Structures are given as C-alpha cells and as structure tokens.
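Undergrad: Provided below: model-v2.pdb, containing PDB, C-alpha atoms.
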```
ATOM      1  CA  MET A   1     -24.869   5.074   9.196
ATOM      2  CA  ILE A   2     -21.553   3.332   8.482
ATOM      3  CA  LYS A   3     -22.854   2.149   5.109
ATOM      4  CA  LYS A   4     -24.062   5.679   4.318
ATOM      5  CA  LEU A   5     -20.703   7.212   5.271
ATOM      6  CA  PHE A   6     -18.874   4.595   3.214
ATOM      7  CA  GLN A   7     -20.977   5.459   0.164
ATOM      8  CA  ILE A   8     -20.311   9.167   0.656
ATOM      9  CA  GLU A   9     -16.551   8.628   0.959
ATOM     10  CA  LYS A  10     -16.522   6.308  -2.051
ATOM     11  CA  ILE A  11     -18.291   8.879  -4.200
ATOM     12  CA  LYS A  12     -15.912  11.633  -3.061
ATOM     13  CA  ALA A  13     -12.767   9.564  -3.611
ATOM     14  CA  LEU A  14     -13.728   8.095  -6.972
ATOM     15  CA  SER A  15     -14.888  11.469  -8.287
ATOM     16  CA  TYR A  16     -11.419  12.865  -7.547
ATOM     17  CA  PRO A  17      -9.269  11.935 -10.590
ATOM     18  CA  ALA A  18      -6.012  12.278  -8.672
ATOM     19  CA  PHE A  19      -7.141   9.628  -6.169
ATOM     20  CA  LYS A  20      -7.572   6.961  -8.821
ATOM     21  CA  THR A  21      -4.324   7.960 -10.524
ATOM     22  CA  LEU A  22      -2.309   7.904  -7.297
ATOM     23  CA  MET A  23      -3.702   4.539  -6.207
ATOM     24  CA  ILE A  24      -2.863   3.004  -9.583
ATOM     25  CA  ILE A  25       0.659   4.447  -9.355
ATOM     26  CA  HIS A  26       0.980   3.047  -5.815
ATOM     27  CA  PHE A  27      -0.048  -0.424  -6.988
ATOM     28  CA  LEU A  28       2.246  -0.408 -10.023
ATOM     29  CA  LEU A  29       5.286   0.967  -8.186
ATOM     30  CA  PHE A  30       4.980  -1.658  -5.474
ATOM     31  CA  PHE A  31       4.887  -4.582  -7.885
ATOM     32  CA  ILE A  32       7.582  -3.086 -10.116
ATOM     33  CA  VAL A  33       9.947  -2.851  -7.139
ATOM     34  CA  ILE A  34       9.148  -6.426  -6.101
ATOM     35  CA  LEU A  35       9.729  -7.718  -9.637
ATOM     36  CA  VAL A  36      12.936  -5.744 -10.199
ATOM     37  CA  VAL A  37      14.489  -6.896  -6.926
ATOM     38  CA  SER A  38      13.556 -10.512  -7.646
ATOM     39  CA  GLN A  39      15.577 -10.337 -10.867
ATOM     40  CA  GLN A  40      18.767  -9.175  -9.174
ATOM     41  CA  THR A  41      21.704 -11.476  -8.447
ATOM     42  CA  ILE A  42      24.335 -11.405  -5.727
ATOM     43  CA  SER A  43      27.870 -11.136  -7.053
ATOM     44  CA  PHE A  44      29.490 -13.462  -4.497
ATOM     45  CA  PRO A  45      28.787 -17.146  -3.788
ATOM     46  CA  GLY A  46      26.733 -18.385  -0.873
ATOM     47  CA  PHE A  47      24.022 -15.739  -1.101
ATOM     48  CA  SER A  48      20.804 -15.525  -3.131
ATOM     49  CA  ILE A  49      18.244 -12.735  -3.431
ATOM     50  CA  LEU A  50      15.573 -15.363  -4.058
ATOM     51  CA  ASN A  51      15.834 -16.412  -0.402
ATOM     52  CA  LEU A  52      13.997 -13.178   0.381
ATOM     53  CA  TYR A  53      11.071 -14.492  -1.677
ATOM     54  CA  GLN A  54      10.810 -17.804   0.134
ATOM     55  CA  PHE A  55       8.618 -18.643   3.113
ATOM     56  CA  PRO A  56       8.941 -17.558   5.893
ATOM     57  CA  ASN A  57      11.424 -14.775   4.926
ATOM     58  CA  ILE A  58       8.975 -13.221   2.490
ATOM     59  CA  TRP A  59       6.610 -12.270   5.353
ATOM     60  CA  GLU A  60       9.315  -9.903   6.581
ATOM     61  CA  PHE A  61      10.594  -8.682   3.219
ATOM     62  CA  ILE A  62       7.408  -7.824   1.284
ATOM     63  CA  PRO A  63       5.712  -5.818   4.097
ATOM     64  CA  TRP A  64       8.998  -3.952   4.603
ATOM     65  CA  VAL A  65       9.033  -2.987   0.907
ATOM     66  CA  ALA A  66       5.340  -2.042   1.081
ATOM     67  CA  SER A  67       6.081   0.182   4.081
ATOM     68  CA  TRP A  68       8.157   2.442   1.798
ATOM     69  CA  PHE A  69       4.895   3.445   0.106
ATOM     70  CA  ASN A  70       2.912   4.208   3.277
ATOM     71  CA  LEU A  71       4.012   7.845   3.013
ATOM     72  CA  PHE A  72       2.388   7.788  -0.418
ATOM     73  CA  LEU A  73      -0.899   6.569   1.092
ATOM     74  CA  ALA A  74      -0.762   9.256   3.783
ATOM     75  CA  ILE A  75      -0.334  11.923   1.100
ATOM     76  CA  VAL A  76      -3.425  10.557  -0.671
ATOM     77  CA  VAL A  77      -5.403  11.028   2.571
ATOM     78  CA  ILE A  78      -3.970  14.547   2.985
ATOM     79  CA  LEU A  79      -5.076  15.502  -0.525
ATOM     80  CA  ILE A  80      -8.612  14.189  -0.011
ATOM     81  CA  VAL A  81      -9.025  15.906   3.369
ATOM     82  CA  GLY A  82      -7.491  19.116   2.017
ATOM     83  CA  ASN A  83     -10.029  19.117  -0.807
ATOM     84  CA  GLU A  84     -12.824  18.914   1.758
ATOM     85  CA  PHE A  85     -11.723  22.300   3.076
ATOM     86  CA  SER A  86     -10.843  23.793  -0.318
ATOM     87  CA  TYR A  87     -14.191  22.911  -1.909
ATOM     88  CA  ARG A  88     -16.243  23.420   1.286
ATOM     89  CA  THR A  89     -17.650  19.883   1.096
ATOM     90  CA  PHE A  90     -17.246  19.418   4.866
ATOM     91  CA  ARG A  91     -19.443  22.472   5.407
ATOM     92  CA  GLN A  92     -21.994  21.239   2.864
ATOM     93  CA  ASN A  93     -22.112  17.805   4.522
ATOM     94  CA  VAL A  94     -22.929  19.438   7.871
ATOM     95  CA  ILE A  95     -25.626  21.547   6.223
ATOM     96  CA  ASP A  96     -27.047  18.328   4.737
ATOM     97  CA  GLY A  97     -27.363  16.769   8.192
ATOM     98  CA  LEU A  98     -24.075  15.075   9.081
ATOM     99  CA  SER A  99     -22.413  15.855  12.389
ATOM    100  CA  ARG A 100     -18.741  16.783  12.675
ATOM    101  CA  ASN A 101     -18.089  13.420  14.287
ATOM    102  CA  ASP A 102     -19.661  11.805  11.220
ATOM    103  CA  LEU A 103     -17.109  13.662   9.093
ATOM    104  CA  ILE A 104     -14.273  12.100  11.091
ATOM    105  CA  LYS A 105     -15.931   8.683  10.978
ATOM    106  CA  GLY A 106     -16.151   8.993   7.214
ATOM    107  CA  LYS A 107     -12.444   9.711   6.935
ATOM    108  CA  LEU A 108     -11.654   6.786   9.244
ATOM    109  CA  ILE A 109     -13.728   4.551   6.986
ATOM    110  CA  LEU A 110     -11.677   5.834   4.038
ATOM    111  CA  ILE A 111      -8.402   5.154   5.904
ATOM    112  CA  PHE A 112      -9.481   1.624   6.839
ATOM    113  CA  SER A 113     -10.635   0.965   3.269
ATOM    114  CA  ILE A 114      -7.254   2.008   1.868
ATOM    115  CA  ALA A 115      -5.488  -0.057   4.549
ATOM    116  CA  ILE A 116      -7.576  -3.115   3.607
ATOM    117  CA  TYR A 117      -6.673  -2.568  -0.061
ATOM    118  CA  THR A 118      -2.940  -2.468   0.697
ATOM    119  CA  PHE A 119      -3.296  -5.444   3.088
ATOM    120  CA  ILE A 120      -4.805  -7.504   0.274
ATOM    121  CA  MET A 121      -2.177  -6.237  -2.196
ATOM    122  CA  VAL A 122       0.696  -7.313   0.068
ATOM    123  CA  LEU A 123      -0.987 -10.646   0.845
ATOM    124  CA  ILE A 124      -1.345 -11.418  -2.865
ATOM    125  CA  ALA A 125       2.300 -10.513  -3.481
ATOM    126  CA  VAL A 126       3.485 -12.701  -0.588
ATOM    127  CA  LEU A 127       1.472 -15.713  -1.724
ATOM    128  CA  ILE A 128       2.376 -15.418  -5.403
ATOM    129  CA  PHE A 129       6.126 -14.895  -4.969
ATOM    130  CA  GLY A 130       6.341 -17.183  -1.964
ATOM    131  CA  LEU A 131       4.631 -20.123  -3.662
ATOM    132  CA  ILE A 132       6.726 -19.667  -6.813
ATOM    133  CA  ASN A 133      10.113 -19.477  -5.077
ATOM    134  CA  SER A 134       9.789 -21.598  -1.930
ATOM    135  CA  ASP A 135      10.946 -25.166  -1.383
ATOM    136  CA  ASP A 136       9.200 -25.677   1.954
ATOM    137  CA  TYR A 137       5.396 -25.692   1.711
ATOM    138  CA  SER A 138       4.633 -26.821   5.240
ATOM    139  CA  PHE A 139       1.914 -24.971   7.120
ATOM    140  CA  ASN A 140       4.395 -23.534   9.597
ATOM    141  CA  ALA A 141       6.697 -22.284   6.831
ATOM    142  CA  ILE A 142       3.886 -20.625   4.887
ATOM    143  CA  PHE A 143       1.874 -19.138   7.751
ATOM    144  CA  GLY A 144       4.323 -19.060  10.673
ATOM    145  CA  LYS A 145       5.076 -15.349  10.264
ATOM    146  CA  SER A 146       1.818 -14.261   8.654
ATOM    147  CA  TYR A 147       1.056 -12.131  11.748
ATOM    148  CA  LEU A 148       3.563  -9.618  10.338
ATOM    149  CA  LEU A 149       0.993  -8.690   7.707
ATOM    150  CA  LEU A 150      -1.436  -7.561  10.422
ATOM    151  CA  ILE A 151       1.338  -5.456  11.951
ATOM    152  CA  TYR A 152       1.902  -3.871   8.531
ATOM    153  CA  PHE A 153      -1.852  -3.149   8.377
ATOM    154  CA  ILE A 154      -1.603  -1.256  11.687
ATOM    155  CA  GLN A 155       1.403   0.664  10.367
ATOM    156  CA  ALA A 156      -0.476   1.767   7.235
ATOM    157  CA  ILE A 157      -3.320   3.059   9.426
ATOM    158  CA  GLY A 158      -0.768   4.881  11.590
ATOM    159  CA  TYR A 159       0.769   6.774   8.677
ATOM    160  CA  MET A 160      -2.628   7.741   7.273
ATOM    161  CA  SER A 161      -3.976   8.781  10.693
ATOM    162  CA  LEU A 162      -1.033  11.133  11.114
ATOM    163  CA  GLY A 163      -1.721  12.458   7.614
ATOM    164  CA  LEU A 164      -5.357  13.058   8.618
ATOM    165  CA  LEU A 165      -4.303  15.038  11.688
ATOM    166  CA  ILE A 166      -1.819  17.194   9.785
ATOM    167  CA  ALA A 167      -4.339  17.876   7.006
ATOM    168  CA  ILE A 168      -6.885  19.105   9.554
ATOM    169  CA  ILE A 169      -4.278  21.267  11.278
ATOM    170  CA  PHE A 170      -3.067  23.071   8.143
ATOM    171  CA  ARG A 171      -6.095  22.729   5.785
ATOM    172  CA  ASN A 172      -3.946  23.331   2.715
ATOM    173  CA  ASN A 173      -2.751  20.498   0.508
ATOM    174  CA  ALA A 174       0.699  21.829  -0.335
ATOM    175  CA  LEU A 175       1.469  23.035   3.194
ATOM    176  CA  SER A 176       0.136  19.826   4.765
ATOM    177  CA  ILE A 177       2.270  17.610   2.506
ATOM    178  CA  ILE A 178       5.370  19.714   3.184
ATOM    179  CA  MET A 179       4.824  19.641   6.954
ATOM    180  CA  PHE A 180       4.075  15.915   6.893
ATOM    181  CA  ILE A 181       7.338  15.159   5.083
ATOM    182  CA  LEU A 182       9.319  17.609   7.219
ATOM    183  CA  TYR A 183       8.006  15.989  10.381
ATOM    184  CA  PHE A 184       9.436  12.654   9.259
ATOM    185  CA  PHE A 185      12.709  14.355   8.398
ATOM    186  CA  PRO A 186      14.183  16.467   9.883
ATOM    187  CA  ILE A 187      11.771  17.646  12.632
ATOM    188  CA  GLU A 188      11.206  14.485  14.677
ATOM    189  CA  PRO A 189      14.741  13.084  14.146
ATOM    190  CA  ILE A 190      16.212  16.369  15.415
ATOM    191  CA  ILE A 191      13.899  16.339  18.442
ATOM    192  CA  ARG A 192      14.797  12.695  19.128
ATOM    193  CA  TRP A 193      18.513  13.476  19.254
ATOM    194  CA  ILE A 194      17.888  15.843  22.165
ATOM    195  CA  PHE A 195      16.979  12.800  24.257
ATOM    196  CA  ASP A 196      18.953   9.735  25.295
ATOM    197  CA  ALA A 197      19.014   6.596  23.144
ATOM    198  CA  HIS A 198      16.417   4.822  25.310
ATOM    199  CA  THR A 199      13.852   7.643  25.065
ATOM    200  CA  ARG A 200      14.319   8.109  21.313
ATOM    201  CA  ARG A 201      12.668   4.771  20.664
ATOM    202  CA  TYR A 202       9.290   6.010  21.936
ATOM    203  CA  PHE A 203       8.586   8.869  19.506
ATOM    204  CA  PRO A 204       5.558   8.351  17.212
ATOM    205  CA  VAL A 205       7.280   8.125  13.821
ATOM    206  CA  LYS A 206       9.998   5.900  15.279
ATOM    207  CA  ILE A 207       7.409   3.594  16.816
ATOM    208  CA  ILE A 208       5.231   3.383  13.708
ATOM    209  CA  SER A 209       8.123   2.946  11.253
ATOM    210  CA  ASN A 210       9.647   0.224  13.450
ATOM    211  CA  LEU A 211       6.548  -1.936  13.021
ATOM    212  CA  THR A 212       8.170  -3.192   9.816
ATOM    213  CA  PRO A 213      11.903  -3.165  10.609
ATOM    214  CA  MET A 214      14.540  -3.722   7.961
ATOM    215  CA  PRO A 215      14.961  -7.495   7.496
ATOM    216  CA  GLU A 216      18.258  -9.137   8.404
ATOM    217  CA  PHE A 217      19.385  -9.361   4.791
ATOM    218  CA  LEU A 218      22.747 -10.989   5.452
ATOM    219  CA  THR A 219      21.097 -13.862   7.284
ATOM    220  CA  MET A 220      18.045 -14.173   5.033
ATOM    221  CA  THR A 221      19.967 -14.202   1.737
ATOM    222  CA  SER A 222      22.610 -16.633   2.994
ATOM    223  CA  GLU A 223      22.391 -20.115   1.507
ATOM    224  CA  LYS A 224      24.255 -21.529   4.501
ATOM    225  CA  SER A 225      23.470 -21.568   8.185
ATOM    226  CA  TYR A 226      25.853 -19.294  10.062
ATOM    227  CA  SER A 227      25.638 -19.391  13.824
ATOM    228  CA  THR A 228      27.688 -18.463  16.811
ATOM    229  CA  ALA A 229      28.339 -20.595  19.867
ATOM    230  CA  SER A 230      25.378 -18.929  21.570
ATOM    231  CA  GLY A 231      23.088 -20.033  18.731
ATOM    232  CA  THR A 232      22.414 -16.562  17.335
ATOM    233  CA  SER A 233      23.093 -15.615  13.763
ATOM    234  CA  ALA A 234      26.582 -14.256  13.216
ATOM    235  CA  LEU A 235      25.144 -12.218  10.356
ATOM    236  CA  ASP A 236      22.436 -10.540  12.420
ATOM    237  CA  PHE A 237      22.706  -6.740  11.962
ATOM    238  CA  GLN A 238      22.126  -6.219  15.663
ATOM    239  CA  GLU A 239      24.939  -8.638  16.518
ATOM    240  CA  ILE A 240      27.439  -6.713  14.405
ATOM    241  CA  GLY A 241      26.324  -3.360  15.779
ATOM    242  CA  LEU A 242      24.460  -1.909  12.794
ATOM    243  CA  THR A 243      21.132  -1.644  14.613
ATOM    244  CA  THR A 244      20.144  -0.982  18.216
ATOM    245  CA  GLU A 245      18.084  -3.321  20.351
ATOM    246  CA  PRO A 246      14.428  -2.837  19.344
ATOM    247  CA  LEU A 247      11.364  -2.752  21.561
ATOM    248  CA  SER A 248       9.411  -5.976  21.870
ATOM    249  CA  VAL A 249       6.832  -6.561  19.144
ATOM    250  CA  GLY A 250       3.961  -6.403  21.616
ATOM    251  CA  LEU A 251       5.102  -3.115  23.128
ATOM    252  CA  ASN A 252       5.795  -1.612  19.707
ATOM    253  CA  VAL A 253       2.325  -2.545  18.445
ATOM    254  CA  GLY A 254       0.674  -1.312  21.653
ATOM    255  CA  LEU A 255       2.406   2.060  21.436
ATOM    256  CA  ALA A 256       1.562   2.351  17.728
ATOM    257  CA  VAL A 257      -2.128   1.776  18.493
ATOM    258  CA  PHE A 258      -1.882   4.374  21.282
ATOM    259  CA  TYR A 259      -0.460   6.948  18.857
ATOM    260  CA  ILE A 260      -3.127   6.129  16.257
ATOM    261  CA  VAL A 261      -5.847   6.773  18.856
ATOM    262  CA  LEU A 262      -4.055   9.986  19.826
ATOM    263  CA  PHE A 263      -3.915  11.178  16.186
ATOM    264  CA  ILE A 264      -7.605  10.426  15.671
ATOM    265  CA  ALA A 265      -8.571  12.100  18.950
ATOM    266  CA  GLY A 266      -6.570  15.189  17.989
ATOM    267  CA  ALA A 267      -8.165  15.303  14.543
ATOM    268  CA  THR A 268     -11.648  14.934  16.075
ATOM    269  CA  TYR A 269     -11.021  17.686  18.607
ATOM    270  CA  LEU A 270      -9.701  20.131  16.000
ATOM    271  CA  LEU A 271     -12.488  19.458  13.528
ATOM    272  CA  ASN A 272     -15.073  20.075  16.242
ATOM    273  CA  LYS A 273     -13.412  23.306  17.376
ATOM    274  CA  LYS A 274     -12.471  24.949  14.088
ATOM    275  CA  ASN A 275     -14.713  26.582  11.526
ATOM    276  CA  LEU A 276     -15.441  24.520   8.442
TER     277      LEU A 276
END
```
Translate the structure of the given file into structure tokens.
TA:
Amino acid sequence: MIKKLFQIEKIKALSYPAFKTLMIIHFLLFFIVILVVSQQTISFPGFSILNLYQFPNIWEFIPWVASWFNLFLAIVVILIVGNEFSYRTFRQNVIDGLSRNDLIKGKLILIFSIAIYTFIMVLIAVLIFGLINSDDYSFNAIFGKSYLLLIYFIQAIGYMSLGLLIAIIFRNNALSIIMFILYFFPIEPIIRWIFDAHTRRYFPVKIISNLTPMPEFLTMTSEKSYSTASGTSALDFQEIGLTTEPLSVGLNVGLAVFYIVLFIAGATYLLNKKNL
C-alpha cells in the first residue's frame, strides 16, 4: 500500500507544474545564498566568513540557512493539499477505493519525501563546502556534529506537518498560506508574550524553529580563541545577553516530535470528520 500511495502522490505532484517550479526555485535559492555568503569578507581583522564553511562549524551554519526555506516547503505542501480540495481529487480517490486514512498517509509520504530531498540537499552542501574550506579532516571534525542534520530533518517535517494541518482546516490555498504566515507572525508571538519567559519557550513554532538556532557567529568566525576564566566563549551570544538560555537539545527534539504527532493527529481527525 505504501508503494501504491507513493506512486499516487508522485503522479499528483509531478503533474502540478507549480510543484516542480517551486522545488527548483527552492534548490537554486538555497545554493545561491550559500555561494553569496561564502564570497563575503569581514571588514575587520581576526574574523573570517570562511570559518563558517569549515568543519565542524558548517554543520550548524548550513542547516540554519536551510531552515529559512522551510516555510517555502510548507507552502508547497499547502498548495498541493489545497488543490486536492479544489479539484475534488480527495473525493475521487475515496470513490476509487482509498480510505480517508490512506489520504493522510499519502500526504505524509509526500512530506517525508520532500524532507528526504532537502536532507540530501543540505548534506551535499555541507560536504562540498566543508571539504573545500576545511583544514581539519579528522573523523571527529567532519562528523562530530553531523547529528544536527537529523535535527534539521525533523524541523522540516514539523513545518510541513503544520502546513498540512492548516491546509485541511481552511481548504483554500490563498487563505491557508495567509493564515500559515500570520500564525508565525504575529499570532503566536503575540500569544507567547501573554505568558512568562519560561512558558514562551514551549509554544510549537518556538520549539520547531529552535531546532536550528542561530549559530554563534562571533565565536565561529573568529580566527582566534577567545575564552573567559570559566572556559566559556567570551563571544557567545548567550554570554553577552543577546539570546536567552535555550532548552536542552533532547527536550527540544522531543517536544518537536510531540507537536508533529499532534499536527498529524489533528489533520487526520479533521479529514475524517469533514466532507470532501
């Protein structure tokens, strides 16, 4: 059944011209940004942009850049799901013998397929730029922080799962995209500010976006080793008060997976309850 659903989703996606166009744009924009940044220079001595493209720093930097485009991937999912309602293909699939749960499974297969594509894209970028710019090619340097790519993979699924839920709620491409963007800003940020600083960290968009936090650029681009008496970086953004203390990686990932399951469960419930 999984193979059958994959074939159905592949036919639907590839027959939708906007899907192919948007995925090509996504790929090109990502690599253009990576290339443009790599050509920039820092105007004061002691710092180099190329340090961002060296192992192990690149495992933090490239997934963070790729995370900018996860909203783009979610919008692609919204458009495909919205078309299912607009062109009544969901209804036709049920008439042809698929269950409503099969419809959700098909969309999850699509989401995982897109996430695998972007996982491979980021991996290729990391290896190419890292091998070109690095001086240390030890196993630990190259693969020590490779787990961050898996965390990025989870984040991409999180964004697209939320897009799936919103598309099923509103069933209209334009409205779904508007509500998806508005939820990121200003709806959830406004709701978060009602609560104390500790509670704000646990909202879904905050949790999912924090899977790929902004790298510590001052430390990573420095060509010298700056450290305090306690052994922590004096250039760490958290140390100088620009960022708050984050949740642990394990807790952040666990909560992100919880929200992904919640989004999928909500989408499944609504699709089973509403008319197609």
Undergrad: Ranking A:Leu50, A:Leu276, A:Ile157, A:Ile62 by minimum distance to Asp135 (chain A) and counting only C-alpha atoms, which one comes first?
TA: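 For Asp135 (chain A), the nearest of the given residues is A:Leu50.
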Undergrad: Please identify all polymer residues within 8 Å of Leu5 (chain A), counting only C-alpha atoms, omitting same-chain residues fewer than 3 positions from it, and present them as an MDAnalysis selection string.
TA: chainID A and resid 1:2 8:9 102 105:106 109
Undergrad: Tell me, as a tab-separated table (two decimals) with C-alpha atoms, in the frame of the given file, which residues lie within 8 Å of region 20-29 of chain A, counting only C-alpha atoms; anything in the same chain fewer than 3 positions away does not count.
TA:
```tsv
chain	number	residue	atom	x	y	z
A	13	ALA	CA	-12.77	9.56	-3.61
A	14	LEU	CA	-13.73	8.10	-6.97
A	16	TYR	CA	-11.42	12.86	-7.55
A	17	PRO	CA	-9.27	11.94	-10.59
A	32	ILE	CA	7.58	-3.09	-10.12
A	33	VAL	CA	9.95	-2.85	-7.14
A	69	PHE	CA	4.89	3.44	0.11
A	72	PHE	CA	2.39	7.79	-0.42
A	73	LEU	CA	-0.90	6.57	1.09
A	76	VAL	CA	-3.42	10.56	-0.67
A	121	MET	CA	-2.18	-6.24	-2.20
```
Undergrad: Rank A:Asn70, A:Gln39, A:Asn210, A:Thr219 by their smallest atom-to-atom distance to Leu255 (chain A), using only C-alpha atoms, and report the top residue only.
TA: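 Among A:Asn70, A:Gln39, A:Asn210, A:Thr219, it is A:Asn210 that comes nearest to Leu255 (chain A).
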Undergrad: From the set A:Ala74, A:Ile95, A:Ala66, A:Ala267, which residue has the shortest atom-to-atom contact distance to Ile120 (chain A), counting all atoms listed in the file?
TA: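 Of all the options, A:Ala66 lies closest to Ile120 (chain A).
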